[in-house]
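As provided, query_19.pdb (PDB, C-alpha atoms and all ligand atoms) reads as follows.
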ATOM      1  CA  ILE A   1     -51.660  -2.751 322.449  1.00  0.00           C
ATOM      2  CA  SER A   2     -49.441  -4.377 325.058  1.00  0.00           C
ATOM      3  CA  PRO A   3     -45.909  -5.047 323.969  1.00  0.00           C
ATOM      4  CA  LEU A   4     -45.117  -8.668 323.207  1.00  0.00           C
ATOM      5  CA  THR A   5     -41.838 -10.474 322.886  1.00  0.00           C
ATOM      6  CA  VAL A   6     -40.650 -10.374 319.319  1.00  0.00           C
ATOM      7  CA  SER A   7     -37.731 -12.376 317.974  1.00  0.00           C
ATOM      8  CA  LEU A   8     -35.488 -11.300 315.193  1.00  0.00           C
ATOM      9  CA  ARG A   9     -32.045 -12.073 313.888  1.00  0.00           C
ATOM     10  CA  VAL A  10     -29.947  -9.102 312.798  1.00  0.00           C
ATOM     11  CA  ASN A  11     -26.401  -9.179 311.430  1.00  0.00           C
ATOM     12  CA  GLY A  12     -26.060 -12.760 312.632  1.00  0.00           C
ATOM     13  CA  VAL A  13     -27.198 -12.053 316.205  1.00  0.00           C
ATOM     14  CA  ALA A  14     -30.505 -13.285 317.649  1.00  0.00           C
ATOM     15  CA  HIS A  15     -32.554 -10.786 319.669  1.00  0.00           C
ATOM     16  CA  GLU A  16     -35.678 -11.071 321.796  1.00  0.00           C
ATOM     17  CA  LEU A  17     -37.271  -7.837 322.871  1.00  0.00           C
ATOM     18  CA  LEU A  18     -40.527  -6.336 324.001  1.00  0.00           C
ATOM     19  CA  ALA A  19     -42.309  -4.433 321.258  1.00  0.00           C
ATOM     20  CA  ASP A  20     -45.682  -3.966 319.665  1.00  0.00           C
ATOM     21  CA  PRO A  21     -45.417  -6.451 316.762  1.00  0.00           C
ATOM     22  CA  ASP A  22     -46.808  -3.755 314.454  1.00  0.00           C
ATOM     23  CA  THR A  23     -43.860  -1.449 315.198  1.00  0.00           C
ATOM     24  CA  SER A  24     -41.778  -0.914 312.090  1.00  0.00           C
ATOM     25  CA  LEU A  25     -38.593  -2.911 311.743  1.00  0.00           C
ATOM     26  CA  MET A  26     -36.766   0.396 311.173  1.00  0.00           C
ATOM     27  CA  THR A  27     -37.903   1.752 314.544  1.00  0.00           C
ATOM     28  CA  VAL A  28     -36.742  -1.367 316.368  1.00  0.00           C
ATOM     29  CA  LEU A  29     -33.407  -1.443 314.548  1.00  0.00           C
ATOM     30  CA  ARG A  30     -32.699   2.215 315.297  1.00  0.00           C
ATOM     31  CA  ASN A  31     -34.266   2.666 318.732  1.00  0.00           C
ATOM     32  CA  ASP A  32     -33.868  -0.749 320.362  1.00  0.00           C
ATOM     33  CA  LEU A  33     -30.771  -2.157 318.689  1.00  0.00           C
ATOM     34  CA  ASN A  34     -28.933   1.149 318.095  1.00  0.00           C
ATOM     35  CA  LEU A  35     -28.343   0.300 314.448  1.00  0.00           C
ATOM     36  CA  ASN A  36     -28.503   3.692 312.778  1.00  0.00           C
ATOM     37  CA  GLY A  37     -27.535   2.577 309.278  1.00  0.00           C
ATOM     38  CA  PRO A  38     -31.187   2.476 308.198  1.00  0.00           C
ATOM     39  CA  LYS A  39     -32.332   6.102 307.921  1.00  0.00           C
ATOM     40  CA  TYR A  40     -35.784   7.541 308.522  1.00  0.00           C
ATOM     41  CA  GLY A  41     -36.649   9.397 305.324  1.00  0.00           C
ATOM     42  CA  CYS A  42     -40.337   9.255 304.469  1.00  0.00           C
ATOM     43  CA  GLY A  43     -41.585   6.471 306.735  1.00  0.00           C
ATOM     44  CA  LEU A  44     -43.937   5.483 303.924  1.00  0.00           C
ATOM     45  CA  GLY A  45     -41.902   3.041 301.839  1.00  0.00           C
ATOM     46  CA  GLN A  46     -41.249   5.633 299.141  1.00  0.00           C
ATOM     47  CA  CYS A  47     -37.679   6.926 299.461  1.00  0.00           C
ATOM     48  CA  GLY A  48     -35.510   3.892 300.215  1.00  0.00           C
ATOM     49  CA  ALA A  49     -33.441   5.511 302.978  1.00  0.00           C
ATOM     50  CA  CYS A  50     -34.382   2.761 305.447  1.00  0.00           C
ATOM     51  CA  THR A  51     -33.408  -0.175 303.217  1.00  0.00           C
ATOM     52  CA  VAL A  52     -32.062  -3.362 304.808  1.00  0.00           C
ATOM     53  CA  LEU A  53     -31.605  -6.878 303.468  1.00  0.00           C
ATOM     54  CA  VAL A  54     -34.204  -9.454 304.466  1.00  0.00           C
ATOM     55  CA  ASP A  55     -33.052 -12.935 303.474  1.00  0.00           C
ATOM     56  CA  GLY A  56     -30.588 -11.238 301.128  1.00  0.00           C
ATOM     57  CA  VAL A  57     -33.131  -9.066 299.335  1.00  0.00           C
ATOM     58  CA  ALA A  58     -33.450  -5.286 299.691  1.00  0.00           C
ATOM     59  CA  ALA A  59     -36.525  -4.288 301.700  1.00  0.00           C
ATOM     60  CA  ARG A  60     -37.871  -1.052 303.156  1.00  0.00           C
ATOM     61  CA  SER A  61     -37.738  -1.454 306.888  1.00  0.00           C
ATOM     62  CA  CYS A  62     -40.076   1.468 307.646  1.00  0.00           C
ATOM     63  CA  VAL A  63     -43.086  -0.453 306.333  1.00  0.00           C
ATOM     64  CA  ILE A  64     -42.266  -3.937 307.648  1.00  0.00           C
ATOM     65  CA  PRO A  65     -43.907  -4.852 310.973  1.00  0.00           C
ATOM     66  CA  VAL A  66     -41.236  -6.261 313.256  1.00  0.00           C
ATOM     67  CA  GLY A  67     -43.619  -9.037 314.273  1.00  0.00           C
ATOM     68  CA  LYS A  68     -43.271 -10.513 310.767  1.00  0.00           C
ATOM     69  CA  MET A  69     -39.503 -10.910 311.047  1.00  0.00           C
ATOM     70  CA  ARG A  70     -39.327 -14.155 313.015  1.00  0.00           C
ATOM     71  CA  ASP A  71     -37.001 -16.668 311.287  1.00  0.00           C
ATOM     72  CA  ARG A  72     -35.865 -14.080 308.738  1.00  0.00           C
ATOM     73  CA  GLU A  73     -32.237 -13.051 308.317  1.00  0.00           C
ATOM     74  CA  ILE A  74     -31.880  -9.262 308.501  1.00  0.00           C
ATOM     75  CA  VAL A  75     -28.688  -7.456 307.508  1.00  0.00           C
ATOM     76  CA  THR A  76     -28.180  -3.737 308.028  1.00  0.00           C
ATOM     77  CA  LEU A  77     -25.452  -1.464 306.714  1.00  0.00           C
ATOM     78  CA  GLU A  78     -23.451  -2.237 309.860  1.00  0.00           C
ATOM     79  CA  GLY A  79     -23.593  -5.941 309.073  1.00  0.00           C
ATOM     80  CA  LEU A  80     -21.900  -5.522 305.697  1.00  0.00           C
ATOM     81  CA  THR A  81     -18.577  -4.727 307.381  1.00  0.00           C
ATOM     82  CA  LYS A  82     -16.718  -7.881 308.434  1.00  0.00           C
ATOM     83  CA  ASP A  83     -13.838  -7.773 310.935  1.00  0.00           C
ATOM     84  CA  GLY A  84     -13.399  -4.052 310.315  1.00  0.00           C
ATOM     85  CA  VAL A  85     -13.154  -4.501 306.541  1.00  0.00           C
ATOM     86  CA  LEU A  86     -15.713  -2.627 304.483  1.00  0.00           C
ATOM     87  CA  HIS A  87     -17.876  -4.500 301.990  1.00  0.00           C
ATOM     88  CA  PRO A  88     -16.656  -3.863 298.405  1.00  0.00           C
ATOM     89  CA  VAL A  89     -19.814  -1.853 297.711  1.00  0.00           C
ATOM     90  CA  GLN A  90     -19.185   0.380 300.745  1.00  0.00           C
ATOM     91  CA  GLN A  91     -15.576   0.877 299.632  1.00  0.00           C
ATOM     92  CA  ALA A  92     -16.666   1.692 296.075  1.00  0.00           C
ATOM     93  CA  PHE A  93     -19.031   4.402 297.346  1.00  0.00           C
ATOM     94  CA  ILE A  94     -16.149   5.964 299.308  1.00  0.00           C
ATOM     95  CA  ASP A  95     -13.758   5.687 296.372  1.00  0.00           C
ATOM     96  CA  ALA A  96     -16.288   7.335 294.053  1.00  0.00           C
ATOM     97  CA  GLN A  97     -16.951  10.090 296.650  1.00  0.00           C
ATOM     98  CA  ALA A  98     -20.625   9.359 296.196  1.00  0.00           C
ATOM     99  CA  ALA A  99     -21.839  11.194 299.308  1.00  0.00           C
ATOM    100  CA  GLN A 100     -22.909  14.773 299.576  1.00  0.00           C
ATOM    101  CA  CYS A 101     -25.149  14.860 302.643  1.00  0.00           C
ATOM    102  CA  GLY A 102     -25.005  11.050 302.733  1.00  0.00           C
ATOM    103  CA  TYR A 103     -28.544  10.497 303.985  1.00  0.00           C
ATOM    104  CA  CYS A 104     -29.574   8.328 301.032  1.00  0.00           C
ATOM    105  CA  LEU A 105     -26.407   6.245 300.974  1.00  0.00           C
ATOM    106  CA  ASN A 106     -27.603   3.527 303.319  1.00  0.00           C
ATOM    107  CA  GLY A 107     -30.403   2.775 300.875  1.00  0.00           C
ATOM    108  CA  MET A 108     -28.222   3.165 297.816  1.00  0.00           C
ATOM    109  CA  ILE A 109     -25.615   0.782 299.209  1.00  0.00           C
ATOM    110  CA  MET A 110     -28.067  -1.846 300.469  1.00  0.00           C
ATOM    111  CA  MET A 111     -29.970  -1.747 297.196  1.00  0.00           C
ATOM    112  CA  THR A 112     -26.702  -2.099 295.273  1.00  0.00           C
ATOM    113  CA  VAL A 113     -25.607  -5.114 297.329  1.00  0.00           C
ATOM    114  CA  SER A 114     -28.934  -6.800 296.646  1.00  0.00           C
ATOM    115  CA  PHE A 115     -28.967  -5.826 292.956  1.00  0.00           C
ATOM    116  CA  LEU A 116     -25.392  -6.928 292.176  1.00  0.00           C
ATOM    117  CA  LYS A 117     -26.098 -10.401 293.541  1.00  0.00           C
ATOM    118  CA  ASP A 118     -28.629 -10.878 290.735  1.00  0.00           C
ATOM    119  CA  GLN A 119     -26.870  -8.764 288.143  1.00  0.00           C
ATOM    120  CA  PRO A 120     -23.083  -8.804 288.750  1.00  0.00           C
ATOM    121  CA  GLU A 121     -22.199  -7.040 285.499  1.00  0.00           C
ATOM    122  CA  PRO A 122     -24.952  -4.498 284.949  1.00  0.00           C
ATOM    123  CA  THR A 123     -25.231  -1.943 282.200  1.00  0.00           C
ATOM    124  CA  GLU A 124     -25.576   1.713 283.169  1.00  0.00           C
ATOM    125  CA  GLN A 125     -29.263   1.561 282.299  1.00  0.00           C
ATOM    126  CA  GLN A 126     -29.747  -1.445 284.571  1.00  0.00           C
ATOM    127  CA  ILE A 127     -28.017   0.448 287.392  1.00  0.00           C
ATOM    128  CA  ARG A 128     -30.256   3.453 286.804  1.00  0.00           C
ATOM    129  CA  ASP A 129     -33.354   1.256 286.777  1.00  0.00           C
ATOM    130  CA  ALA A 130     -32.300  -0.624 289.930  1.00  0.00           C
ATOM    131  CA  LEU A 131     -31.715   2.584 291.911  1.00  0.00           C
ATOM    132  CA  SER A 132     -34.571   4.595 290.456  1.00  0.00           C
ATOM    133  CA  GLY A 133     -36.699   4.086 293.571  1.00  0.00           C
ATOM    134  CA  ASN A 134     -33.979   5.364 295.908  1.00  0.00           C
ATOM    135  CA  LEU A 135     -34.205   9.115 296.237  1.00  0.00           C
ATOM    136  CA  CYS A 136     -31.184  11.441 296.561  1.00  0.00           C
ATOM    137  CA  ARG A 137     -32.056  15.063 297.184  1.00  0.00           C
ATOM    138  CA  CYS A 138     -28.505  16.392 296.738  1.00  0.00           C
ATOM    139  CA  GLY A 139     -28.292  15.108 293.182  1.00  0.00           C
ATOM    140  CA  THR A 140     -25.084  13.045 293.429  1.00  0.00           C
ATOM    141  CA  HIS A 141     -26.512  10.472 291.069  1.00  0.00           C
ATOM    142  CA  VAL A 142     -23.529  10.612 288.710  1.00  0.00           C
ATOM    143  CA  GLU A 143     -21.108   9.628 291.502  1.00  0.00           C
ATOM    144  CA  ILE A 144     -23.522   7.011 292.818  1.00  0.00           C
ATOM    145  CA  ILE A 145     -23.718   5.366 289.402  1.00  0.00           C
ATOM    146  CA  GLU A 146     -19.910   5.489 289.191  1.00  0.00           C
ATOM    147  CA  ALA A 147     -19.731   3.776 292.585  1.00  0.00           C
ATOM    148  CA  VAL A 148     -21.978   0.948 291.426  1.00  0.00           C
ATOM    149  CA  LYS A 149     -19.868   0.550 288.294  1.00  0.00           C
ATOM    150  CA  LYS A 150     -16.697   0.372 290.444  1.00  0.00           C
ATOM    151  CA  ALA A 151     -18.314  -2.212 292.715  1.00  0.00           C
ATOM    152  CA  SER A 152     -19.312  -4.358 289.750  1.00  0.00           C
ATOM    153  CA  SER A 153     -16.016  -4.238 287.889  1.00  0.00           C
TER     154      SER A 153
HETATM  155 FE1  LIG B 201     -38.534   3.886 304.440  1.00  0.00          FE
HETATM  156 FE2  LIG B 201     -38.515   6.199 303.092  1.00  0.00          FE
HETATM  157  S1  LIG B 201     -37.990   5.849 305.193  1.00  0.00           S
HETATM  158  S2  LIG B 201     -38.825   4.187 302.321  1.00  0.00           S
END

Will you turn the file into structure tokens for me?
Ligand code: FES
Amino acid sequence: ISPLTVSLRVNGVAHELLADPDTSLMTVLRNDLNLNGPKYGCGLGQCGACTVLVDGVAARSCVIPVGKMRDREIVTLEGLTKDGVLHPVQQAFIDAQAAQCGYCLNGMIMMTVSFLKDQPEPTEQQIRDALSGNLCRCGTHVEIIEAVKKASS
């Protein structure tokens, strides 16, 4: 397939670039826009490492064709930081020392930002349910849950 011009808006900046419209959003973010917040875990929509916000809602960028992103507002982990100040959820994850290898944290943080918009004062069970689809292989779930509690308090 010949590459076509695709348009997308990421972290408040409009981009036009040549790509096969079926290329995953994650690939374009990482390889064309050098936004390495979204991580390549499974590439199958199953682990959550590649999560971004699309129109404010958490979405798995590895299974979204970039050609479908016209007129959508995409925010990556990088876009959460404003004027050098971390988003409260990012800060809470640091304060709770929630990272071991850190590979899952992009997804955990983006999912938390999306989740707390709908549920600003969640119970622990609601936090567990919200993050249950985001996989962490190190097993730092206790600290991750603490981070979400800090961010919501
Ligand atoms: Fe996208 Fe695993 S890399 S869900």

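Under the PyMOL selection byres (((not hetatm)) within 6 of (chain B and resi 201)), the matching residues in the shown file are Tyr40, Gly41, Cys42, Gly43, Leu44, Gly45, Gln46, Cys47, Gly48, Ala49, Cys50, Arg60, Ser61 and Cys62 of chain A.
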
Residues matched by the PyMOL selection byres (((chain A and resi 65-80) around 8) and not hetatm), written as a count of residues only: 32

Pairwise distance for atom CA of Tyr103 of chain A and atom CA of Arg137 of chain A, rounded to one decimal in Å: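 That distance, rounded to one decimal, is 8.9 Å.
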
Might you pull out every residue within 9 Å of Glu143 of chain A, with only C-alpha atoms counted and same-chain residues fewer than 3 positions away left off, and present them as a PDB file with C-alpha atoms, in the frame of the given file?
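Now in around_4.pdb:
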ATOM      1  CA  PHE A  93     -19.031   4.402 297.346  1.00  0.00           C
ATOM      2  CA  ALA A  96     -16.288   7.335 294.053  1.00  0.00           C
ATOM      3  CA  GLN A  97     -16.951  10.090 296.650  1.00  0.00           C
ATOM      4  CA  ALA A  98     -20.625   9.359 296.196  1.00  0.00           C
ATOM      5  CA  ALA A  99     -21.839  11.194 299.308  1.00  0.00           C
ATOM      6  CA  THR A 140     -25.084  13.045 293.429  1.00  0.00           C
ATOM      7  CA  GLU A 146     -19.910   5.489 289.191  1.00  0.00           C
ATOM      8  CA  ALA A 147     -19.731   3.776 292.585  1.00  0.00           C
ATOM      9  CA  VAL A 148     -21.978   0.948 291.426  1.00  0.00           C
TER      10      VAL A 148
END

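You can rank A:Ile127, A:Ala59, A:Met111, A:Met26 by their closest distance to Lys150 of chain A using only C-alpha atoms, and at the top of that list sits A:Ile127.
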
One-decimal distance in Å that lies between atom CA of Leu4 of chain A and atom CA of Val57 of chain A: 26.7 Å

Selected residue of minimal separation from Gln91 of chain A among A:Asn134, A:Gly107, A:Ala151, A:Leu29, counting all atoms listed in the file: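 Under the stated criterion, the closest residue is A:Ala151.
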
Result set, the PyMOL selection byres (((chain A and resi 18) around 6) and not hetatm) on current file, as a PyMOL selection string: chain A and resi 3-5+17+19

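Distance annotation: of A:Pro88, A:Pro120, A:Leu135, A:Gln126, the residue with the minimal separation from Met108 of chain A is A:Leu135; atom set is all atoms listed in the file.
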
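Minimum atom-to-atom distances from A:Cys101, A:Val89, A:Ala58, A:Ile145 to Thr123 of chain A were compared using all atoms listed in the file, and the lowest value belongs to A:Ile145.
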
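Atom to atom, atom CA of Cys104 of chain A and atom CA of Cys136 of chain A stand 5.7 Å apart.
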
Please write a file for segment 90-143 of chain A, taken from the block I just shared, that holds C-alpha atoms and is laid out as an mmCIF file, in the first residue's frame.
data_model
loop_
_atom_site.group_PDB
_atom_site.id
_atom_site.type_symbol
_atom_site.label_atom_id
_atom_site.label_comp_id
_atom_site.auth_asym_id
_atom_site.auth_seq_id
_atom_site.Cartn_x
_atom_site.Cartn_y
_atom_site.Cartn_z
ATOM 1 C CA GLN A 90 2.663 11.305 37.424
ATOM 2 C CA GLN A 91 3.841 12.899 40.678
ATOM 3 C CA ALA A 92 1.810 10.434 42.752
ATOM 4 C CA PHE A 93 3.436 7.482 40.965
ATOM 5 C CA ILE A 94 6.882 8.919 41.780
ATOM 6 C CA ASP A 95 5.929 9.647 45.383
ATOM 7 C CA ALA A 96 4.609 6.105 45.834
ATOM 8 C CA GLN A 97 7.772 4.662 44.193
ATOM 9 C CA ALA A 98 5.468 2.657 41.976
ATOM 10 C CA ALA A 99 8.081 1.669 39.384
ATOM 11 C CA GLN A 100 10.241 -1.390 39.371
ATOM 12 C CA CYS A 101 11.205 -1.848 35.725
ATOM 13 C CA GLY A 102 8.717 0.900 34.826
ATOM 14 C CA TYR A 103 7.615 -0.564 31.504
ATOM 15 C CA CYS A 104 3.933 -0.731 32.454
ATOM 16 C CA LEU A 105 3.795 2.714 34.030
ATOM 17 C CA ASN A 106 2.847 4.615 30.898
ATOM 18 C CA GLY A 107 -0.300 2.510 30.682
ATOM 19 C CA MET A 108 -0.959 2.602 34.401
ATOM 20 C CA ILE A 109 -0.664 6.387 34.492
ATOM 21 C CA MET A 110 -2.726 7.052 31.359
ATOM 22 C CA MET A 111 -5.414 4.655 32.530
ATOM 23 C CA THR A 112 -5.445 6.340 35.945
ATOM 24 C CA VAL A 113 -5.815 9.816 34.426
ATOM 25 C CA SER A 114 -8.763 8.613 32.368
ATOM 26 C CA PHE A 115 -10.325 6.671 35.259
ATOM 27 C CA LEU A 116 -10.055 9.457 37.861
ATOM 28 C CA LYS A 117 -11.902 11.859 35.571
ATOM 29 C CA ASP A 118 -14.966 9.614 35.859
ATOM 30 C CA GLN A 119 -14.344 8.408 39.385
ATOM 31 C CA PRO A 120 -12.428 11.069 41.376
ATOM 32 C CA GLU A 121 -12.804 9.318 44.731
ATOM 33 C CA PRO A 122 -12.545 5.617 43.973
ATOM 34 C CA THR A 123 -12.565 2.747 46.408
ATOM 35 C CA GLU A 124 -9.631 0.336 46.372
ATOM 36 C CA GLN A 125 -11.793 -2.217 44.590
ATOM 37 C CA GLN A 126 -12.686 0.312 41.900
ATOM 38 C CA ILE A 127 -8.980 1.074 41.430
ATOM 39 C CA ARG A 128 -8.214 -2.631 41.144
ATOM 40 C CA ASP A 129 -11.022 -3.112 38.633
ATOM 41 C CA ALA A 130 -9.976 -0.073 36.569
ATOM 42 C CA LEU A 131 -6.353 -1.237 36.290
ATOM 43 C CA SER A 132 -7.043 -4.945 35.993
ATOM 44 C CA GLY A 133 -6.410 -4.903 32.240
ATOM 45 C CA ASN A 134 -3.002 -3.248 32.609
ATOM 46 C CA LEU A 135 -0.336 -5.865 33.137
ATOM 47 C CA CYS A 136 2.706 -5.421 35.414
ATOM 48 C CA ARG A 137 5.191 -8.264 35.281
ATOM 49 C CA CYS A 138 7.311 -7.054 38.216
ATOM 50 C CA GLY A 139 4.391 -7.238 40.619
ATOM 51 C CA THR A 140 4.468 -3.677 42.005
ATOM 52 C CA HIS A 141 0.699 -3.620 42.171
ATOM 53 C CA VAL A 142 0.624 -2.603 45.837
ATOM 54 C CA GLU A 143 2.636 0.572 45.134
#
